[in-house]
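> Contents of data-v1.txt (compact mmCIF, C-alpha atoms and all ligand atoms):
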```txt
# COMPACT_ATOMS: atom_id res chain seq x y z
CA MET A 23 118.39 76.30 93.67
CA PRO A 24 116.31 73.27 92.54
CA ILE A 25 114.19 73.72 89.42
CA ARG A 26 111.21 71.83 90.95
CA ASN A 27 109.07 72.90 93.92
CA THR A 28 109.42 71.11 97.25
CA ASN A 29 106.70 70.77 99.91
CA TYR A 30 108.12 73.90 101.57
CA SER A 31 109.32 76.21 98.79
CA TYR A 32 109.04 77.19 95.14
CA GLY A 33 111.62 75.98 92.61
CA SER A 34 113.36 78.29 90.14
CA LEU A 35 110.95 77.63 87.24
CA SER A 36 107.83 78.44 89.32
CA LYS A 37 109.50 81.64 90.52
CA PHE A 38 110.46 82.58 86.95
CA PHE A 39 106.90 81.95 85.73
CA HIS A 40 105.44 83.89 88.69
CA TRP A 41 107.44 87.09 88.23
CA LEU A 42 107.29 87.00 84.40
CA CYS A 43 103.48 86.61 84.45
CA ALA A 44 103.02 89.16 87.25
CA THR A 45 104.99 91.79 85.25
CA MET A 46 103.12 91.00 82.03
CA VAL A 47 99.69 91.05 83.70
CA ILE A 48 100.28 94.41 85.40
CA ILE A 49 101.55 96.01 82.13
CA LEU A 50 98.67 94.46 80.11
CA LEU A 51 96.09 95.80 82.60
CA VAL A 52 97.56 99.31 82.68
CA VAL A 53 98.05 99.52 78.88
CA GLY A 54 94.61 97.92 78.32
CA PHE A 55 92.83 100.57 80.40
CA PHE A 56 94.69 103.52 78.83
CA MET A 57 95.56 102.56 75.23
CA HIS A 58 92.26 103.92 73.95
CA ASP A 59 93.45 107.42 74.94
CA PHE A 60 96.93 107.13 73.35
CA SER A 61 97.69 109.58 70.50
CA ASP A 62 97.03 108.35 66.94
CA ILE A 63 100.76 107.64 66.29
CA PHE A 64 101.04 105.13 69.17
CA ARG A 65 97.52 103.69 69.40
CA GLY A 66 97.84 101.11 66.59
CA THR A 67 101.19 99.84 67.90
CA ALA A 68 99.87 99.75 71.49
CA TYR A 69 96.82 97.71 70.45
CA ASN A 70 98.97 95.29 68.50
CA LEU A 71 101.56 94.89 71.28
CA HIS A 72 98.70 94.42 73.78
CA LYS A 73 97.11 91.67 71.65
CA SER A 74 100.43 89.92 70.86
CA SER A 75 101.73 89.91 74.43
CA GLY A 76 98.28 88.84 75.70
CA ILE A 77 98.39 85.80 73.38
CA LEU A 78 101.98 85.10 74.49
CA LEU A 79 100.84 85.26 78.13
CA MET A 80 98.08 82.73 77.39
CA VAL A 81 100.67 80.25 76.03
CA ILE A 82 102.94 80.87 79.05
CA MET A 83 99.96 80.34 81.42
CA LEU A 84 99.15 76.99 79.76
CA LEU A 85 102.79 75.85 80.22
CA ARG A 86 102.74 77.21 83.78
CA ALA A 87 99.52 75.30 84.55
CA ILE A 88 101.16 72.04 83.40
CA TRP A 89 104.17 72.83 85.64
CA MET A 90 101.91 73.69 88.59
CA LEU A 91 99.93 70.44 88.21
CA THR A 92 103.08 68.28 88.04
CA ASN A 93 104.85 69.87 91.04
CA PRO A 94 104.13 69.77 94.79
CA LYS A 95 102.36 72.90 96.12
CA PRO A 96 104.40 74.33 99.02
CA THR A 97 102.28 74.30 102.18
CA MET A 98 101.42 77.58 103.92
CA PRO A 99 103.25 78.41 107.21
CA SER A 100 101.92 76.05 109.94
CA ASN A 101 100.21 78.79 112.02
CA THR A 102 98.09 80.04 109.07
CA PRO A 103 94.35 79.72 109.85
CA ALA A 104 92.40 77.23 107.69
CA TRP A 105 90.17 79.96 106.17
CA GLU A 106 93.25 81.89 105.03
CA VAL A 107 94.79 78.78 103.44
CA PHE A 108 91.48 78.15 101.67
CA PHE A 109 91.23 81.71 100.27
CA ALA A 110 94.93 81.87 99.35
CA TYR A 111 94.61 78.69 97.27
CA LEU A 112 91.29 79.90 95.82
CA VAL A 113 92.99 83.11 94.61
CA HIS A 114 95.97 81.15 93.20
CA TYR A 115 93.75 78.81 91.18
CA ALA A 116 91.45 81.69 90.13
CA PHE A 117 94.51 83.41 88.60
CA TYR A 118 95.13 80.36 86.40
CA VAL A 119 91.50 80.31 85.20
CA LEU A 120 91.13 84.09 84.72
CA LEU A 121 94.48 84.43 82.96
CA ILE A 122 93.25 81.99 80.32
CA ILE A 123 89.73 83.53 80.02
CA MET A 124 91.21 87.06 79.74
CA PRO A 125 93.38 86.51 76.62
CA LEU A 126 90.82 84.12 75.12
CA SER A 127 88.05 86.75 75.37
CA GLY A 128 90.42 89.40 73.91
CA TRP A 129 91.35 87.12 71.03
CA LEU A 130 87.68 86.23 70.31
CA MET A 131 86.66 89.91 70.61
CA SER A 132 89.37 91.12 68.18
CA CYS A 133 88.55 88.43 65.60
CA ALA A 134 84.80 89.05 65.87
CA TYR A 135 85.35 92.82 65.42
CA GLY A 136 87.29 91.92 62.24
CA TYR A 137 90.79 92.78 63.58
CA PRO A 138 92.57 89.48 64.33
CA PRO A 139 95.93 89.90 66.10
CA ASN A 140 99.09 90.21 64.00
CA PHE A 141 101.57 88.42 66.30
CA PHE A 142 104.37 91.00 66.87
CA GLY A 143 104.03 91.92 63.15
CA LEU A 144 105.09 88.39 62.11
CA PHE A 145 101.87 86.54 61.17
CA MET A 146 98.11 86.82 61.62
CA ILE A 147 96.35 84.61 64.17
CA PRO A 148 92.65 84.36 63.34
CA PHE A 149 90.53 82.36 65.81
CA PRO A 150 89.39 79.15 64.07
CA GLY A 151 85.71 79.38 63.08
CA ILE A 152 85.26 83.04 64.12
CA THR A 153 84.18 85.53 61.45
CA LYS A 154 83.09 89.17 61.83
CA ASN A 155 80.13 89.37 64.23
CA VAL A 156 79.83 92.65 66.14
CA ALA A 157 77.14 91.41 68.59
CA PHE A 158 79.41 88.52 69.69
CA ALA A 159 82.43 90.88 69.80
CA GLU A 160 80.55 93.15 72.21
CA ILE A 161 79.75 90.23 74.52
CA MET A 162 83.44 89.24 74.52
CA HIS A 163 84.36 92.89 75.16
CA SER A 164 82.15 92.86 78.28
CA VAL A 165 83.75 89.59 79.45
CA HIS A 166 87.21 91.15 78.87
CA LEU A 167 86.28 94.23 80.92
CA ILE A 168 84.61 92.32 83.80
CA VAL A 169 87.49 89.83 84.10
CA ALA A 170 89.96 92.77 84.03
CA TRP A 171 88.29 94.27 87.13
CA CYS A 172 88.17 90.84 88.84
CA LEU A 173 91.93 90.60 88.22
CA VAL A 174 92.53 94.08 89.65
CA CYS A 175 90.66 93.01 92.85
CA LEU A 176 92.43 89.65 93.14
CA VAL A 177 95.90 91.12 92.50
CA SER A 178 95.27 93.76 95.21
CA ILE A 179 94.12 91.12 97.75
CA HIS A 180 97.04 88.81 96.80
CA VAL A 181 99.70 91.53 97.17
CA LEU A 182 98.25 92.80 100.47
CA ALA A 183 98.18 89.21 101.80
CA ALA A 184 101.83 88.65 100.78
CA LEU A 185 102.86 91.92 102.49
CA LYS A 186 100.82 91.02 105.61
CA HIS A 187 102.69 87.72 105.88
CA HIS A 188 106.04 89.46 105.51
CA PHE A 189 105.56 92.49 107.78
CA ILE A 190 102.93 91.34 110.31
CA ASN A 191 103.24 87.53 110.58
CA LYS A 192 106.99 87.80 109.81
CA ASP A 193 107.08 84.34 108.18
CA ASN A 194 109.01 83.22 105.07
CA LEU A 195 106.05 83.26 102.64
CA LEU A 196 107.23 86.21 100.52
CA LEU A 197 110.91 85.28 100.77
CA ARG A 198 110.31 81.78 99.39
CA MET A 199 108.87 83.30 96.18
CA LEU A 200 111.89 85.62 95.66
CA PRO A 201 114.72 84.71 93.23
CA GLY A 202 117.83 83.25 94.85
CA GLN A 203 116.08 82.41 98.17
CA LYS A 204 116.18 78.73 99.19
CA ASN A 205 113.75 79.00 102.18
C1 LIG A 301 95.93 88.58 80.34
C2 LIG A 301 95.88 89.21 79.19
C3 LIG A 301 95.15 90.51 78.99
C4 LIG A 301 94.85 91.51 79.87
C5 LIG A 301 95.21 91.57 81.37
C6 LIG A 301 94.12 92.52 79.15
C7 LIG A 301 93.61 93.68 79.71
C8 LIG A 301 92.82 94.59 79.05
C9 LIG A 301 92.15 95.72 79.66
C10 LIG A 301 92.23 96.07 81.13
C11 LIG A 301 91.47 96.37 78.69
C12 LIG A 301 90.57 97.59 78.84
C13 LIG A 301 89.14 97.10 78.89
C14 LIG A 301 88.17 98.09 78.36
O1 LIG A 301 88.28 99.27 78.69
O2 LIG A 301 87.30 97.69 77.59
C15 LIG A 301 91.72 95.69 77.45
C16 LIG A 301 91.22 96.09 76.23
C17 LIG A 301 91.45 95.41 75.06
N1 LIG A 301 92.09 94.20 74.92
FE1 LIG A 301 93.01 93.17 76.36
N2 LIG A 301 93.97 92.12 77.84
C18 LIG A 301 94.60 90.91 77.70
C19 LIG A 301 94.70 90.16 76.55
C20 LIG A 301 94.22 90.55 75.32
C21 LIG A 301 94.34 89.79 74.09
C22 LIG A 301 95.05 88.44 73.97
C23 LIG A 301 93.74 90.50 73.11
C24 LIG A 301 93.56 90.19 71.65
C25 LIG A 301 94.17 89.23 71.01
C26 LIG A 301 93.23 91.72 73.71
C27 LIG A 301 92.57 92.72 73.02
C28 LIG A 301 92.07 93.87 73.58
C29 LIG A 301 91.40 94.92 72.82
C30 LIG A 301 91.17 94.94 71.32
C31 LIG A 301 91.02 95.87 73.76
C32 LIG A 301 90.34 97.22 73.48
C33 LIG A 301 88.86 97.11 73.44
C34 LIG A 301 88.29 98.46 73.03
O3 LIG A 301 88.51 99.44 73.74
O4 LIG A 301 87.65 98.49 72.01
N3 LIG A 301 93.54 91.71 75.06
N4 LIG A 301 92.53 94.59 77.70
C1 LIG A 302 99.49 90.15 88.49
C2 LIG A 302 100.21 89.80 89.43
C3 LIG A 302 100.30 88.43 90.09
C4 LIG A 302 99.77 87.22 89.77
C5 LIG A 302 98.86 86.89 88.59
C6 LIG A 302 100.22 86.26 90.77
C7 LIG A 302 99.89 84.91 90.78
C8 LIG A 302 100.31 84.00 91.73
C9 LIG A 302 100.01 82.59 91.73
C10 LIG A 302 99.16 81.88 90.68
C11 LIG A 302 100.62 82.05 92.79
C12 LIG A 302 100.60 80.56 93.21
C13 LIG A 302 101.93 79.93 92.96
C14 LIG A 302 102.10 79.42 91.58
O1 LIG A 302 101.22 78.70 91.09
O2 LIG A 302 103.12 79.71 90.95
C15 LIG A 302 101.32 83.10 93.49
C16 LIG A 302 102.06 82.94 94.62
C17 LIG A 302 102.66 83.98 95.29
N1 LIG A 302 102.67 85.32 94.94
FE1 LIG A 302 101.83 86.12 93.32
N2 LIG A 302 101.02 86.92 91.68
C18 LIG A 302 101.09 88.25 91.29
C19 LIG A 302 101.80 89.27 91.90
C20 LIG A 302 102.48 89.13 93.08
C21 LIG A 302 103.18 90.20 93.76
C22 LIG A 302 103.32 91.64 93.24
C23 LIG A 302 103.69 89.67 94.90
C24 LIG A 302 104.53 90.34 95.98
C25 LIG A 302 104.11 91.28 96.75
C26 LIG A 302 103.32 88.25 94.94
C27 LIG A 302 103.65 87.38 95.92
C28 LIG A 302 103.39 86.02 95.90
C29 LIG A 302 103.86 85.10 96.92
C30 LIG A 302 104.67 85.46 98.14
C31 LIG A 302 103.41 83.82 96.53
C32 LIG A 302 103.66 82.50 97.27
C33 LIG A 302 102.55 82.19 98.21
C34 LIG A 302 102.89 80.89 98.92
O3 LIG A 302 104.02 80.77 99.37
O4 LIG A 302 102.04 80.04 99.01
N3 LIG A 302 102.57 87.97 93.81
N4 LIG A 302 101.10 84.30 92.81
```
Step by step, read the file and then write its structure as structure tokens.
Ligand code: HEM
Ligand code: HEM

Amino acid sequence: MPIRNTNYSYGSLSKFFHWLCATMVIILLVVGFFMHDFSDIFRGTAYNLHKSSGILLMVIMLLRAIWMLTNPKPTMPSNTPAWEVFFAYLVHYAFYVLLIIMPLSGWLMSCAYGYPPNFFGLFMIPFPGITKNVAFAEIMHSVHLIVAWCLVCLVSIHVLAALKHHFINKDNLLLRMLPGQKN
């Protein structure tokens, strides 16, 4: 399977990025919403793993954005209505933007609350120029929460659209994003 995208299908690196990020985003959302209620023994570790993997996801998204911008974007199946193509692309590009804003707001929030992330227990990553400022941290917390719900909505629409293409339109849209498929 070619590493680069063609005009008709995704290459192996885009597929790898897609499924890695999708898994990470879903786990980060679920853990993010529930970690507050974890028992005392796990809460600290959960917060730290959430922050560290969120920062890692931000780095992966930046690399993925470079790869997306330097590869052809496979066209949608020819019978797809123009409005659907427009919204599909809008959702794809919104994911890139929101998946940078999400970790950035979390990072800024943590640093402004006075708890900068300790990257997988290896080293601290303070945000340059950000010192403790609870009012700013609360604004970033609201951004983090609002973007989280936007992501939940977009992921739901995106998955339903992919399943609609597979089961109703019966085209190759889902298959061409699966590992091992050449489509
Ligand atoms: C794409 C990456 C991320 C996703 C999807 C995500 C998702 C979430 C969600 C859904 C919540 C619950 C929101 C709430 O109830 O307030 C949350 C909370 C939180 N996130 Fe993230 N997050 C991400 C990245 C990060 C990063 C990089 C950091 C810090 C470096 C971070 C720090 C936090 C903290 C500290 C909370 C708890 C806030 C509180 O309850 O006081 N997150 N996250
Ligand atoms: C949090 C979860 C997800 C995110 C953030 C996400 C993000 C994206 C993005 C940005 C693209 C555009 C292609 C690219 O730039 O690499 C894409 C394409 C695609 N995604 Fe997802 N995705 C997620 C979950 C899923 C799931 C669970 C499915 C399967 C049901 C899926 C099916 C697809 C398909 C089939 C395409 C290709 C569409 C086309 O051929 O034009 N995605 N996804």
> Compile the contact shell of Met46 of chain A as a list in words: residues with an atom at most 9 Å away, counting all atoms listed in the file, same-chain residues fewer than 5 positions apart removed.
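Residues meeting the cut-off are Trp41, Leu51, Ser75, Gly76 and Leu79 of chain A.
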> Let's have the selection written as an mmCIF file, in the frame of the given file, with C-alpha atoms.

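Contents of the output file again-v5.cif:
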```cif
data_model
loop_
_atom_site.group_PDB
_atom_site.id
_atom_site.type_symbol
_atom_site.label_atom_id
_atom_site.label_comp_id
_atom_site.auth_asym_id
_atom_site.auth_seq_id
_atom_site.Cartn_x
_atom_site.Cartn_y
_atom_site.Cartn_z
ATOM 1 C CA TRP A 41 107.440 87.090 88.230
ATOM 2 C CA LEU A 51 96.090 95.800 82.600
ATOM 3 C CA SER A 75 101.730 89.910 74.430
ATOM 4 C CA GLY A 76 98.280 88.840 75.700
ATOM 5 C CA LEU A 79 100.840 85.260 78.130
#
```
> Write as a VMD selection string the residues around ligand LIG 301 (chain A), taking 7 Å as the cut-off and counting only C-alpha atoms and all ligand atoms.
chain A and resid 47 50 to 52 54 to 55 58 69 72 to 77 79 to 80 121 124 to 126 128 to 129 131 to 132 138 to 139 163 166 to 167 170
> Give the answer as one residue: which of A:Ile63, A:Leu197, A:Leu112, A:Ile82 has the shortest atom-to-atom distance to Ser31 of chain A, using only C-alpha atoms?
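For Ser31 of chain A, the nearest of the candidates is A:Leu197.
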> Any residue with an atom at most 6 Å from ligand LIG 302 (chain A) counts, using only C-alpha atoms and all ligand atoms. Which are they? Put them as a PyMOL selection string.
chain A and resi 36+40+44+47-48+90+98+114+117+177+181+184-185+195-196+199
> Skipping near chain neighbours, those fewer than 4 positions away, what residues fall within 12 Å of Cys133 of chain A using only C-alpha atoms, listed as a list in words?
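These residues fall inside the cut-off: Lys73, Leu126, Ser127, Gly128, Trp129, Tyr137, Pro138, Pro139, Asn140, Met146, Ile147, Pro148, Phe149, Pro150, Gly151, Ile152, Thr153, Lys154, Asn155, Val156, Phe158, Ala159, Glu160, Met162 and His163 of chain A.
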> To one decimal place, how far is atom CA of Tyr135 of chain A from atom CA of Ile161 of chain A in Å?
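That distance, rounded to one decimal, is 11.0 Å.
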